[in-house]
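S.K.: Just dropping this structure here.
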Amino acid sequence: MSRTATEIATQPTCWRRAAEAAAAFDGLPRPGERVAVTGCGTSWFMAIAYAALREAAGQGETDAFASSEFPTGRPYDRVVAITRSGTTTEVLELLTELKGSVPTVALTADPKTPVMEAADTVAVLDWADEESVVQTRFATTALAFLRAGLGEIPGVKSIAEAAVDAELAVTEPLPDAVVGAEQWTFLGRGWTYGLALEAGLKMREAAGAWTEAYPAMEYRHGPIAITGPGRVAWVFGALPEGLSVEVSRVGGTLVANQSADPLADLIRAQRLAVTLAESKGFDPDRPRNLSRSVILS
């Protein structure tokens with residue numbers, strides 16, 4: 001078993017611990033604050049998901065930006081940065097630029113990195129750190145931590161309930177039609193759009209797979225043209241009305257685990273990425289052209 005597969009399987013435990021940690025942490029955004037969330041790659045997609053969740057919880061306007069595209073002239077009450085390594089150049093440069101002008105909080109897996117000084121407050125989720133280059137459990141644990149800090153959200157399960165769904169997601173067999181497909185399109189609405197983006201990225205990173213990701217309602221405005229026999233449309237969360245009929249009409253395979261928490265459903269996509277990588281003879285722990293942290297000279 002690859003290291004990535006082993007780390008994927010630990011997510012239910014990590015999420016439960018994240019919920020406990022969030023309850024004891026004092027640096028999370030407060031209701032009513034205008035907040036921006038930032039990161040790079042996978043961390044940016046988790047930022048997108050959290051921003052939508054926070055607004056759904058009625059806790060205030062929340063934006064998400066890739067760190068390299070952050071509008072530093074825009075006023076915020078707090079900025080949240082996600083960085084597994086604590087060394088990502090764009091995140092550190094942004095936090096340095098914001099120092100003294102807006103309170104910042106960072107989530108990281110490594111307490112021995114520059115982010116400890118760059119951010120005003122740091123939540124260290126070191127129990128969710130990873131040996132694999134590809135992020136899986138740290139990303140979802142960071143989102144679970146932030147999500148738990150929001151309290152009850154209408155229409156969204158608690159982290160405890162999500163962890164129960166995750167226990168099934170780490171063991172349930174993947175459908176043959178999904179494993180044997182040649183192309184995958186991931187879809188989401190609201191906070192699950194961030195998960196769709198992350199699922200597509202994970203498949204590209206680990207398996208070099210042909211994937212795309214879109215807001216679910218945008219699927220019929222062009223992306224459906226790519227769907228057909230041997231191709232998958234995978235929806236995170238609620239299935240838009242009529243979408244299953246459209247996918248069936250063009251001969252595609254629909255995946256929609258509506259009873260499972262969407263974050264748990266992301267685990268299935270992570271497992272699919274590892275399965276495909278191994279079937280191609282790739283090393284999912286060390287994908288080509290990637291490093292654990294992007295440090296620019």
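Scheme for the structure tokens: letters A, B, ... for chains in order shown; per-chain residue numbers from 1; ligand numbers from 1 in order shown.
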Any idea what's packed within 7 Å of segment 133-139 of chain A, counting only C-alpha atoms, ignoring anything in its chain fewer than 5 positions away? Could you give it as JSON, numbers by chain?

M.R.: {"A": [7, 8, 11, 42, 43, 46, 84, 128, 285, 286, 291, 292]}

S.K.: Got a sec: who's within 10 Å of Thr275 of chain A, counting only C-alpha atoms, leaving out chain neighbours fewer than 3 positions off, as JSON, numbers by chain?

M.R.: {"A": [5, 174, 179, 203, 206, 207, 269, 270, 271, 272, 278, 279, 280, 282, 284]}

S.K.: Among the residues of segment 91-149 of chain A, find those DSSP assigns to helix (DSSP H, G or I) from the backbone and print them as a PyMOL selection string.

M.R.: chain A and resi 91-98+115-118+126-128+137-148

S.K.: Please produce a file of the residues just selected, as a PDB file, in the first residue's frame, where the atoms kept are N, CA and C atoms.

M.R.:
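Saved file again_37.pdb follows:
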ATOM      1  N   VAL A  91       2.303  32.375  -0.018  1.00  0.00           N
ATOM      2  CA  VAL A  91       1.599  32.551   1.252  1.00  0.00           C
ATOM      3  C   VAL A  91       2.431  33.396   2.207  1.00  0.00           C
ATOM      4  N   LEU A  92       3.713  33.089   2.324  1.00  0.00           N
ATOM      5  CA  LEU A  92       4.578  33.832   3.239  1.00  0.00           C
ATOM      6  C   LEU A  92       4.718  35.285   2.809  1.00  0.00           C
ATOM      7  N   GLU A  93       4.848  35.525   1.509  1.00  0.00           N
ATOM      8  CA  GLU A  93       4.956  36.904   1.024  1.00  0.00           C
ATOM      9  C   GLU A  93       3.686  37.690   1.330  1.00  0.00           C
ATOM     10  N   LEU A  94       2.532  37.059   1.171  1.00  0.00           N
ATOM     11  CA  LEU A  94       1.267  37.723   1.456  1.00  0.00           C
ATOM     12  C   LEU A  94       1.140  38.049   2.938  1.00  0.00           C
ATOM     13  N   LEU A  95       1.436  37.081   3.794  1.00  0.00           N
ATOM     14  CA  LEU A  95       1.337  37.317   5.235  1.00  0.00           C
ATOM     15  C   LEU A  95       2.286  38.418   5.686  1.00  0.00           C
ATOM     16  N   THR A  96       3.464  38.463   5.096  1.00  0.00           N
ATOM     17  CA  THR A  96       4.431  39.513   5.426  1.00  0.00           C
ATOM     18  C   THR A  96       3.895  40.884   5.024  1.00  0.00           C
ATOM     19  N   GLU A  97       3.282  40.950   3.846  1.00  0.00           N
ATOM     20  CA  GLU A  97       2.736  42.217   3.365  1.00  0.00           C
ATOM     21  C   GLU A  97       1.567  42.689   4.228  1.00  0.00           C
ATOM     22  N   LEU A  98       0.770  41.740   4.748  1.00  0.00           N
ATOM     23  CA  LEU A  98      -0.393  42.099   5.547  1.00  0.00           C
ATOM     24  C   LEU A  98      -0.057  42.386   7.007  1.00  0.00           C
ATOM     25  N   VAL A 115       6.088  30.216   8.696  1.00  0.00           N
ATOM     26  CA  VAL A 115       4.727  30.712   8.881  1.00  0.00           C
ATOM     27  C   VAL A 115       4.429  31.006  10.346  1.00  0.00           C
ATOM     28  N   MET A 116       5.164  30.400  11.254  1.00  0.00           N
ATOM     29  CA  MET A 116       4.938  30.631  12.682  1.00  0.00           C
ATOM     30  C   MET A 116       5.195  32.085  13.058  1.00  0.00           C
ATOM     31  N   GLU A 117       6.110  32.725  12.363  1.00  0.00           N
ATOM     32  CA  GLU A 117       6.414  34.131  12.604  1.00  0.00           C
ATOM     33  C   GLU A 117       5.644  35.046  11.660  1.00  0.00           C
ATOM     34  N   ALA A 118       5.303  34.540  10.492  1.00  0.00           N
ATOM     35  CA  ALA A 118       4.648  35.379   9.487  1.00  0.00           C
ATOM     36  C   ALA A 118       3.202  35.699   9.851  1.00  0.00           C
ATOM     37  N   ASP A 126      -0.451  19.294  13.327  1.00  0.00           N
ATOM     38  CA  ASP A 126       0.679  18.431  12.973  1.00  0.00           C
ATOM     39  C   ASP A 126       0.315  16.953  12.952  1.00  0.00           C
ATOM     40  N   TRP A 127      -0.746  16.567  13.627  1.00  0.00           N
ATOM     41  CA  TRP A 127      -1.161  15.162  13.584  1.00  0.00           C
ATOM     42  C   TRP A 127      -1.719  14.772  12.212  1.00  0.00           C
ATOM     43  N   ALA A 128      -2.032  15.776  11.390  1.00  0.00           N
ATOM     44  CA  ALA A 128      -2.548  15.503  10.048  1.00  0.00           C
ATOM     45  C   ALA A 128      -1.489  15.724   8.971  1.00  0.00           C
ATOM     46  N   ARG A 137      -5.075  14.105   3.614  1.00  0.00           N
ATOM     47  CA  ARG A 137      -5.654  14.262   4.950  1.00  0.00           C
ATOM     48  C   ARG A 137      -5.420  15.641   5.559  1.00  0.00           C
ATOM     49  N   PHE A 138      -4.297  16.310   5.256  1.00  0.00           N
ATOM     50  CA  PHE A 138      -4.129  17.643   5.844  1.00  0.00           C
ATOM     51  C   PHE A 138      -5.185  18.601   5.305  1.00  0.00           C
ATOM     52  N   ALA A 139      -5.412  18.550   4.010  1.00  0.00           N
ATOM     53  CA  ALA A 139      -6.374  19.464   3.406  1.00  0.00           C
ATOM     54  C   ALA A 139      -7.772  19.277   4.000  1.00  0.00           C
ATOM     55  N   THR A 140      -8.228  18.047   4.069  1.00  0.00           N
ATOM     56  CA  THR A 140      -9.581  17.810   4.584  1.00  0.00           C
ATOM     57  C   THR A 140      -9.656  18.079   6.086  1.00  0.00           C
ATOM     58  N   THR A 141      -8.564  17.833   6.800  1.00  0.00           N
ATOM     59  CA  THR A 141      -8.539  18.113   8.239  1.00  0.00           C
ATOM     60  C   THR A 141      -8.576  19.614   8.489  1.00  0.00           C
ATOM     61  N   ALA A 142      -7.862  20.384   7.673  1.00  0.00           N
ATOM     62  CA  ALA A 142      -7.907  21.841   7.800  1.00  0.00           C
ATOM     63  C   ALA A 142      -9.332  22.350   7.569  1.00  0.00           C
ATOM     64  N   LEU A 143     -10.003  21.803   6.553  1.00  0.00           N
ATOM     65  CA  LEU A 143     -11.380  22.214   6.296  1.00  0.00           C
ATOM     66  C   LEU A 143     -12.304  21.760   7.428  1.00  0.00           C
ATOM     67  N   ALA A 144     -12.084  20.561   7.950  1.00  0.00           N
ATOM     68  CA  ALA A 144     -12.890  20.081   9.076  1.00  0.00           C
ATOM     69  C   ALA A 144     -12.703  20.982  10.293  1.00  0.00           C
ATOM     70  N   PHE A 145     -11.483  21.434  10.541  1.00  0.00           N
ATOM     71  CA  PHE A 145     -11.173  22.334  11.652  1.00  0.00           C
ATOM     72  C   PHE A 145     -11.938  23.653  11.492  1.00  0.00           C
ATOM     73  N   LEU A 146     -11.852  24.243  10.305  1.00  0.00           N
ATOM     74  CA  LEU A 146     -12.533  25.505  10.051  1.00  0.00           C
ATOM     75  C   LEU A 146     -14.054  25.333  10.080  1.00  0.00           C
ATOM     76  N   ARG A 147     -14.518  24.238   9.514  1.00  0.00           N
ATOM     77  CA  ARG A 147     -15.952  23.958   9.472  1.00  0.00           C
ATOM     78  C   ARG A 147     -16.510  23.749  10.875  1.00  0.00           C
ATOM     79  N   ALA A 148     -15.771  23.037  11.714  1.00  0.00           N
ATOM     80  CA  ALA A 148     -16.217  22.812  13.088  1.00  0.00           C
ATOM     81  C   ALA A 148     -16.320  24.132  13.844  1.00  0.00           C
TER      82      ALA A 148
END

S.K.: Can you pull out every residue within 9 Å of Ala160 of chain A, counting only C-alpha atoms, but drop anything in the same chain fewer than 6 positions away, and send it as a count of residues only?

M.R.: 4

S.K.: Could you please determine the separation between atom CA of Pro215 of chain A and atom CA of Tyr76 of chain A in Å, to one decimal place?

M.R.: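 Atom CA of Pro215 of chain A sits 26.2 Å away from atom CA of Tyr76 of chain A.
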
S.K.: Determine the nearest neighbour of Ser248 of chain A from the options A:Pro229, A:Trp234, A:Pro31, A:Leu266, counting only C-alpha atoms.

M.R.: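 For Ser248 of chain A, the nearest of the given residues is A:Pro229.
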
S.K.: Would you pick out the contacts of Val235 of chain A at 7 Å or less, using only C-alpha atoms, so that residues sharing its chain but fewer than 2 positions from it are not included, and give the list as a PDB file with C-alpha atoms, in the first residue's frame?

M.R.:
ATOM      1  CA  PHE A 186     -16.401  16.855 -11.035  1.00  0.00           C
ATOM      2  CA  LEU A 187     -19.308  19.135 -10.107  1.00  0.00           C
ATOM      3  CA  GLY A 188     -20.430  20.951  -6.978  1.00  0.00           C
ATOM      4  CA  ALA A 233     -19.926  13.151 -14.221  1.00  0.00           C
ATOM      5  CA  GLY A 237     -23.625  17.075  -2.610  1.00  0.00           C
ATOM      6  CA  LEU A 239     -27.884  16.611  -7.413  1.00  0.00           C
ATOM      7  CA  VAL A 255     -21.833   9.446  -9.598  1.00  0.00           C
ATOM      8  CA  ALA A 256     -23.908  11.145  -6.888  1.00  0.00           C
TER       9      ALA A 256
END

S.K.: If you run DSSP over the backbone, which residues in segment 74-108 of chain A end up strand (DSSP E or B)? Put them as a PyMOL selection string.

M.R.: chain A and resi 78-82+104-108

S.K.: Using only C-alpha atoms, find the one residue out of A:Ser259, A:Thr10, A:Thr192, A:Thr227 that sits nearest to Ala56 of chain A.

M.R.: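 Distance minimum relative to Ala56 of chain A lands on A:Thr192.
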
S.K.: Let me make sure I understand: among A:Val156, A:Ala18, A:Ala181, A:Ala199, which one has the smallest atom-to-atom distance to Asp265 of chain A if we use only C-alpha atoms?

M.R.: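 Ranking A:Val156, A:Ala18, A:Ala181, A:Ala199 by distance to Asp265 of chain A, first place goes to A:Ala199.
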
S.K.: I'd like the neighbourhood of Leu201 of chain A as a VMD selection string, where a residue qualifies if any of its atoms comes within 9 Å (using only C-alpha atoms), though same-chain residues fewer than 4 positions away should be ignored.

M.R.: chain A and resid 41 to 42 196 to 197 205 to 206 211 to 213

S.K.: Output the selection as a PDB file, in the first residue's frame - all heavy atoms for each residue.

M.R.:
ATOM      1  N   GLY A  41      -2.949  26.035  -4.551  1.00  0.00           N
ATOM      2  CA  GLY A  41      -3.271  24.667  -4.944  1.00  0.00           C
ATOM      3  C   GLY A  41      -4.419  24.111  -4.129  1.00  0.00           C
ATOM      4  O   GLY A  41      -5.482  24.734  -3.985  1.00  0.00           O
ATOM      5  N   THR A  42      -4.209  22.945  -3.559  1.00  0.00           N
ATOM      6  CA  THR A  42      -5.227  22.295  -2.742  1.00  0.00           C
ATOM      7  C   THR A  42      -5.720  23.200  -1.624  1.00  0.00           C
ATOM      8  O   THR A  42      -6.924  23.245  -1.331  1.00  0.00           O
ATOM      9  CB  THR A  42      -4.664  20.983  -2.159  1.00  0.00           C
ATOM     10  OG1 THR A  42      -4.534  20.024  -3.213  1.00  0.00           O
ATOM     11  CG2 THR A  42      -5.566  20.414  -1.080  1.00  0.00           C
ATOM     12  N   ALA A 196     -15.068  19.830  -5.638  1.00  0.00           N
ATOM     13  CA  ALA A 196     -14.991  19.382  -7.029  1.00  0.00           C
ATOM     14  C   ALA A 196     -13.662  19.789  -7.651  1.00  0.00           C
ATOM     15  O   ALA A 196     -13.008  19.001  -8.350  1.00  0.00           O
ATOM     16  CB  ALA A 196     -16.157  19.961  -7.831  1.00  0.00           C
ATOM     17  N   LEU A 197     -13.251  21.023  -7.395  1.00  0.00           N
ATOM     18  CA  LEU A 197     -11.953  21.483  -7.893  1.00  0.00           C
ATOM     19  C   LEU A 197     -10.824  20.623  -7.339  1.00  0.00           C
ATOM     20  O   LEU A 197      -9.892  20.250  -8.060  1.00  0.00           O
ATOM     21  CB  LEU A 197     -11.742  22.948  -7.500  1.00  0.00           C
ATOM     22  CG  LEU A 197     -12.627  23.983  -8.204  1.00  0.00           C
ATOM     23  CD1 LEU A 197     -12.511  25.335  -7.500  1.00  0.00           C
ATOM     24  CD2 LEU A 197     -12.231  24.122  -9.663  1.00  0.00           C
ATOM     25  N   GLU A 205      -2.899  15.265 -10.385  1.00  0.00           N
ATOM     26  CA  GLU A 205      -1.608  15.172  -9.697  1.00  0.00           C
ATOM     27  C   GLU A 205      -1.127  13.726  -9.586  1.00  0.00           C
ATOM     28  O   GLU A 205       0.007  13.402  -9.953  1.00  0.00           O
ATOM     29  CB  GLU A 205      -1.728  15.756  -8.278  1.00  0.00           C
ATOM     30  CG  GLU A 205      -1.814  17.254  -8.221  1.00  0.00           C
ATOM     31  CD  GLU A 205      -1.927  17.751  -6.790  1.00  0.00           C
ATOM     32  OE1 GLU A 205      -2.519  17.032  -5.946  1.00  0.00           O
ATOM     33  OE2 GLU A 205      -1.447  18.852  -6.510  1.00  0.00           O
ATOM     34  N   ALA A 206      -1.963  12.874  -9.015  1.00  0.00           N
ATOM     35  CA  ALA A 206      -1.528  11.515  -8.691  1.00  0.00           C
ATOM     36  C   ALA A 206      -1.534  10.590  -9.893  1.00  0.00           C
ATOM     37  O   ALA A 206      -0.651   9.734 -10.033  1.00  0.00           O
ATOM     38  CB  ALA A 206      -2.424  10.926  -7.592  1.00  0.00           C
ATOM     39  N   THR A 211      -9.237  15.325 -16.231  1.00  0.00           N
ATOM     40  CA  THR A 211     -10.356  15.714 -15.387  1.00  0.00           C
ATOM     41  C   THR A 211     -10.679  17.189 -15.582  1.00  0.00           C
ATOM     42  O   THR A 211      -9.827  17.993 -15.964  1.00  0.00           O
ATOM     43  CB  THR A 211     -10.052  15.485 -13.897  1.00  0.00           C
ATOM     44  OG1 THR A 211      -8.966  16.342 -13.495  1.00  0.00           O
ATOM     45  CG2 THR A 211      -9.685  14.040 -13.631  1.00  0.00           C
ATOM     46  N   GLU A 212     -11.926  17.528 -15.275  1.00  0.00           N
ATOM     47  CA  GLU A 212     -12.382  18.911 -15.286  1.00  0.00           C
ATOM     48  C   GLU A 212     -13.284  19.110 -14.081  1.00  0.00           C
ATOM     49  O   GLU A 212     -13.770  18.137 -13.491  1.00  0.00           O
ATOM     50  CB  GLU A 212     -13.129  19.218 -16.594  1.00  0.00           C
ATOM     51  CG  GLU A 212     -12.275  19.020 -17.836  1.00  0.00           C
ATOM     52  CD  GLU A 212     -13.022  19.290 -19.130  1.00  0.00           C
ATOM     53  OE1 GLU A 212     -14.196  19.691 -19.063  1.00  0.00           O
ATOM     54  OE2 GLU A 212     -12.413  19.095 -20.203  1.00  0.00           O
ATOM     55  N   ALA A 213     -13.511  20.366 -13.694  1.00  0.00           N
ATOM     56  CA  ALA A 213     -14.392  20.658 -12.562  1.00  0.00           C
ATOM     57  C   ALA A 213     -15.142  21.953 -12.824  1.00  0.00           C
ATOM     58  O   ALA A 213     -14.565  22.925 -13.328  1.00  0.00           O
ATOM     59  CB  ALA A 213     -13.582  20.771 -11.271  1.00  0.00           C
TER      60      ALA A 213
END

S.K.: Using only C-alpha atoms, determine which residues lie at most 12 Å from Gly190 of chain A, disregarding the query and same-chain residues fewer than 5 positions distant; provide the list as a CSV table (one decimal) with all heavy atoms, in the first residue's frame.

M.R.:
chain,number,residue,atom,x,y,z
A,48,ILE,N,-11.8,28.0,-0.7
A,48,ILE,CA,-13.1,28.3,-1.5
A,48,ILE,C,-14.3,27.6,-0.8
A,48,ILE,O,-15.3,28.2,-0.6
A,48,ILE,CB,-13.0,27.8,-2.9
A,48,ILE,CG1,-12.0,28.7,-3.7
A,48,ILE,CG2,-14.3,27.7,-3.6
A,48,ILE,CD1,-11.6,28.1,-5.1
A,49,ALA,N,-14.0,26.3,-0.3
A,49,ALA,CA,-15.1,25.6,0.4
A,49,ALA,C,-15.5,26.3,1.7
A,49,ALA,O,-16.6,26.4,2.0
A,49,ALA,CB,-14.7,24.2,0.6
A,50,TYR,N,-14.4,26.7,2.4
A,50,TYR,CA,-14.7,27.3,3.7
A,50,TYR,C,-15.4,28.6,3.6
A,50,TYR,O,-16.4,28.9,4.4
A,50,TYR,CB,-13.4,27.5,4.5
A,50,TYR,CG,-13.6,28.3,5.8
A,50,TYR,CD1,-14.4,27.8,6.8
A,50,TYR,CD2,-12.9,29.5,5.9
A,50,TYR,CE1,-14.5,28.6,8.0
A,50,TYR,CE2,-13.1,30.3,7.1
A,50,TYR,CZ,-13.9,29.8,8.1
A,50,TYR,OH,-14.0,30.6,9.3
A,51,ALA,N,-15.0,29.4,2.6
A,51,ALA,CA,-15.7,30.7,2.4
A,51,ALA,C,-17.2,30.5,2.2
A,51,ALA,O,-18.0,31.3,2.7
A,51,ALA,CB,-15.0,31.4,1.2
A,52,ALA,N,-17.5,29.6,1.3
A,52,ALA,CA,-18.9,29.3,1.1
A,52,ALA,C,-19.7,28.8,2.3
A,52,ALA,O,-20.8,29.2,2.5
A,52,ALA,CB,-19.1,28.4,-0.1
A,53,LEU,N,-19.0,27.9,3.0
A,53,LEU,CA,-19.6,27.4,4.3
A,53,LEU,C,-19.9,28.5,5.3
A,53,LEU,O,-20.9,28.6,5.9
A,53,LEU,CB,-18.7,26.4,4.9
A,53,LEU,CG,-18.8,25.0,4.3
A,53,LEU,CD1,-17.6,24.1,4.9
A,53,LEU,CD2,-20.1,24.3,4.7
A,54,ARG,N,-18.9,29.4,5.4
A,54,ARG,CA,-19.0,30.5,6.4
A,54,ARG,C,-20.2,31.4,6.1
A,54,ARG,O,-21.0,31.9,6.9
A,54,ARG,CB,-17.7,31.3,6.6
A,54,ARG,CG,-17.8,32.3,7.7
A,54,ARG,CD,-16.4,32.9,7.9
A,54,ARG,NE,-16.4,33.8,9.1
A,54,ARG,CZ,-16.7,35.1,9.0
A,54,ARG,NH1,-16.9,35.7,7.8
A,54,ARG,NH2,-16.8,35.9,10.1
A,55,GLU,N,-20.3,31.7,4.8
A,55,GLU,CA,-21.5,32.6,4.4
A,55,GLU,C,-22.8,31.8,4.5
A,55,GLU,O,-23.8,32.4,4.9
A,55,GLU,CB,-21.3,33.0,2.9
A,55,GLU,CG,-20.1,34.0,2.8
A,55,GLU,CD,-20.2,34.9,1.6
A,55,GLU,OE1,-21.1,34.6,0.7
A,55,GLU,OE2,-19.4,35.9,1.5
A,56,ALA,N,-22.8,30.5,4.3
A,56,ALA,CA,-24.0,29.7,4.5
A,56,ALA,C,-24.4,29.7,5.9
A,56,ALA,O,-25.6,29.5,6.2
A,56,ALA,CB,-23.8,28.3,3.9
A,57,ALA,N,-23.4,29.8,6.8
A,57,ALA,CA,-23.7,29.7,8.2
A,57,ALA,C,-24.2,31.1,8.7
A,57,ALA,O,-24.5,31.3,9.9
A,57,ALA,CB,-22.4,29.3,9.0
A,155,GLY,N,-28.4,22.5,6.8
A,155,GLY,CA,-28.2,21.6,5.7
A,155,GLY,C,-26.9,20.9,5.6
A,155,GLY,O,-26.6,20.2,4.6
A,156,VAL,N,-26.0,21.1,6.6
A,156,VAL,CA,-24.7,20.5,6.6
A,156,VAL,C,-24.5,19.7,7.8
A,156,VAL,O,-24.8,20.1,8.9
A,156,VAL,CB,-23.6,21.6,6.5
A,156,VAL,CG1,-22.2,21.0,6.5
A,156,VAL,CG2,-23.8,22.5,5.3
A,195,LEU,N,-14.7,21.4,-3.4
A,195,LEU,CA,-14.3,19.9,-3.3
A,195,LEU,C,-14.2,19.4,-4.7
A,195,LEU,O,-13.3,18.5,-5.0
A,195,LEU,CB,-15.4,19.2,-2.5
A,195,LEU,CG,-15.7,19.6,-1.1
A,195,LEU,CD1,-16.6,18.6,-0.4
A,195,LEU,CD2,-14.4,19.8,-0.3
A,196,ALA,N,-15.1,19.8,-5.6
A,196,ALA,CA,-15.0,19.4,-7.0
A,196,ALA,C,-13.7,19.8,-7.7
A,196,ALA,O,-13.0,19.0,-8.3
A,196,ALA,CB,-16.2,20.0,-7.8
A,214,TYR,N,-16.4,22.0,-12.5
A,214,TYR,CA,-17.3,23.1,-12.7
A,214,TYR,C,-18.4,23.3,-11.6
A,214,TYR,O,-18.7,22.3,-11.0
A,214,TYR,CB,-18.0,23.0,-14.1
A,214,TYR,CG,-17.1,22.8,-15.3
A,214,TYR,CD1,-16.8,21.5,-15.7
A,214,TYR,CD2,-16.6,23.9,-15.9
A,214,TYR,CE1,-16.0,21.3,-16.8
A,214,TYR,CE2,-15.8,23.7,-17.0
A,214,TYR,CZ,-15.4,22.4,-17.5
A,214,TYR,OH,-14.6,22.3,-18.5
A,215,PRO,N,-18.9,24.4,-11.5
A,215,PRO,CA,-20.2,24.5,-10.7
A,215,PRO,C,-21.2,23.7,-11.4
A,215,PRO,O,-21.3,23.7,-12.6
A,215,PRO,CB,-20.5,26.0,-10.8
A,215,PRO,CG,-19.2,26.7,-11.1
A,215,PRO,CD,-18.5,25.8,-12.0
A,216,ALA,N,-22.0,23.0,-10.6
A,216,ALA,CA,-22.9,21.9,-11.1
A,216,ALA,C,-23.9,22.5,-12.1
A,216,ALA,O,-24.2,21.9,-13.1
A,216,ALA,CB,-23.6,21.3,-10.0
A,217,MET,N,-24.4,23.7,-11.9
A,217,MET,CA,-25.4,24.2,-12.8
A,217,MET,C,-24.8,24.8,-14.1
A,217,MET,O,-25.5,25.0,-15.1
A,217,MET,CB,-26.2,25.4,-12.1
A,217,MET,CG,-27.0,24.9,-10.9
A,217,MET,SD,-28.3,23.7,-11.4
A,217,MET,CE,-29.4,24.7,-12.3
A,236,PHE,N,-20.7,16.3,-6.2
A,236,PHE,CA,-20.6,16.4,-4.7
A,236,PHE,C,-21.8,17.1,-4.2
A,236,PHE,O,-22.1,18.3,-4.5
A,236,PHE,CB,-19.3,17.1,-4.4
A,236,PHE,CG,-18.0,16.4,-4.7
A,236,PHE,CD1,-17.4,16.6,-5.9
A,236,PHE,CD2,-17.5,15.4,-3.8
A,236,PHE,CE1,-16.2,15.9,-6.2
A,236,PHE,CE2,-16.4,14.7,-4.1
A,236,PHE,CZ,-15.7,14.9,-5.3
A,237,GLY,N,-22.5,16.5,-3.2
A,237,GLY,CA,-23.6,17.1,-2.6
A,237,GLY,C,-24.9,16.9,-3.4
A,237,GLY,O,-25.1,15.9,-4.2
A,238,ALA,N,-25.8,17.9,-3.3
A,238,ALA,CA,-27.1,17.8,-3.9
A,238,ALA,C,-27.0,17.7,-5.4
A,238,ALA,O,-26.3,18.4,-6.0
A,238,ALA,CB,-28.0,18.9,-3.5
A,262,PRO,N,-20.4,15.4,1.7
A,262,PRO,CA,-19.5,15.7,0.5
A,262,PRO,C,-18.0,15.6,0.8
A,262,PRO,O,-17.3,15.2,0.0
A,262,PRO,CB,-19.9,17.1,0.1
A,262,PRO,CG,-21.3,17.2,0.5
A,262,PRO,CD,-21.4,16.5,1.8

S.K.: Taking 5 positions as the minimum chain separation for residues in the same chain, which residues sit within 10 Å of Ile224 of chain A when counting only C-alpha atoms? Answer as a list in words.

M.R.: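 After dropping sequence-adjacent residues, the list is Thr185, Glu218, Tyr219, Ala233, Glu246, Val247, Val250 and Gly252 of chain A.
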
S.K.: Please produce a file of the residues just selected, as an mmCIF file, in the first residue's frame, where the atoms kept are N, CA and C atoms.

M.R.:
data_model
loop_
_atom_site.group_PDB
_atom_site.id
_atom_site.type_symbol
_atom_site.label_atom_id
_atom_site.label_comp_id
_atom_site.auth_asym_id
_atom_site.auth_seq_id
_atom_site.Cartn_x
_atom_site.Cartn_y
_atom_site.Cartn_z
ATOM 1 N N THR A 185 -15.528 14.393 -14.894
ATOM 2 C CA THR A 185 -15.894 15.783 -14.658
ATOM 3 C C THR A 185 -16.517 15.875 -13.272
ATOM 4 N N GLU A 218 -23.468 24.894 -14.117
ATOM 5 C CA GLU A 218 -22.783 25.307 -15.338
ATOM 6 C C GLU A 218 -22.509 24.131 -16.274
ATOM 7 N N TYR A 219 -22.708 22.932 -15.772
ATOM 8 C CA TYR A 219 -22.372 21.727 -16.546
ATOM 9 C C TYR A 219 -23.097 21.680 -17.886
ATOM 10 N N ALA A 233 -19.531 11.883 -14.840
ATOM 11 C CA ALA A 233 -19.926 13.151 -14.221
ATOM 12 C C ALA A 233 -20.162 12.854 -12.736
ATOM 13 N N GLU A 246 -29.833 14.291 -18.122
ATOM 14 C CA GLU A 246 -28.926 14.824 -19.129
ATOM 15 C C GLU A 246 -27.690 13.942 -19.293
ATOM 16 N N VAL A 247 -27.136 13.475 -18.185
ATOM 17 C CA VAL A 247 -25.956 12.604 -18.257
ATOM 18 C C VAL A 247 -26.312 11.295 -18.932
ATOM 19 N N VAL A 250 -26.626 11.468 -22.835
ATOM 20 C CA VAL A 250 -25.404 11.488 -23.649
ATOM 21 C C VAL A 250 -24.539 10.252 -23.413
ATOM 22 N N GLY A 252 -23.224 9.084 -20.500
ATOM 23 C CA GLY A 252 -22.215 9.162 -19.452
ATOM 24 C C GLY A 252 -22.593 8.375 -18.212
#
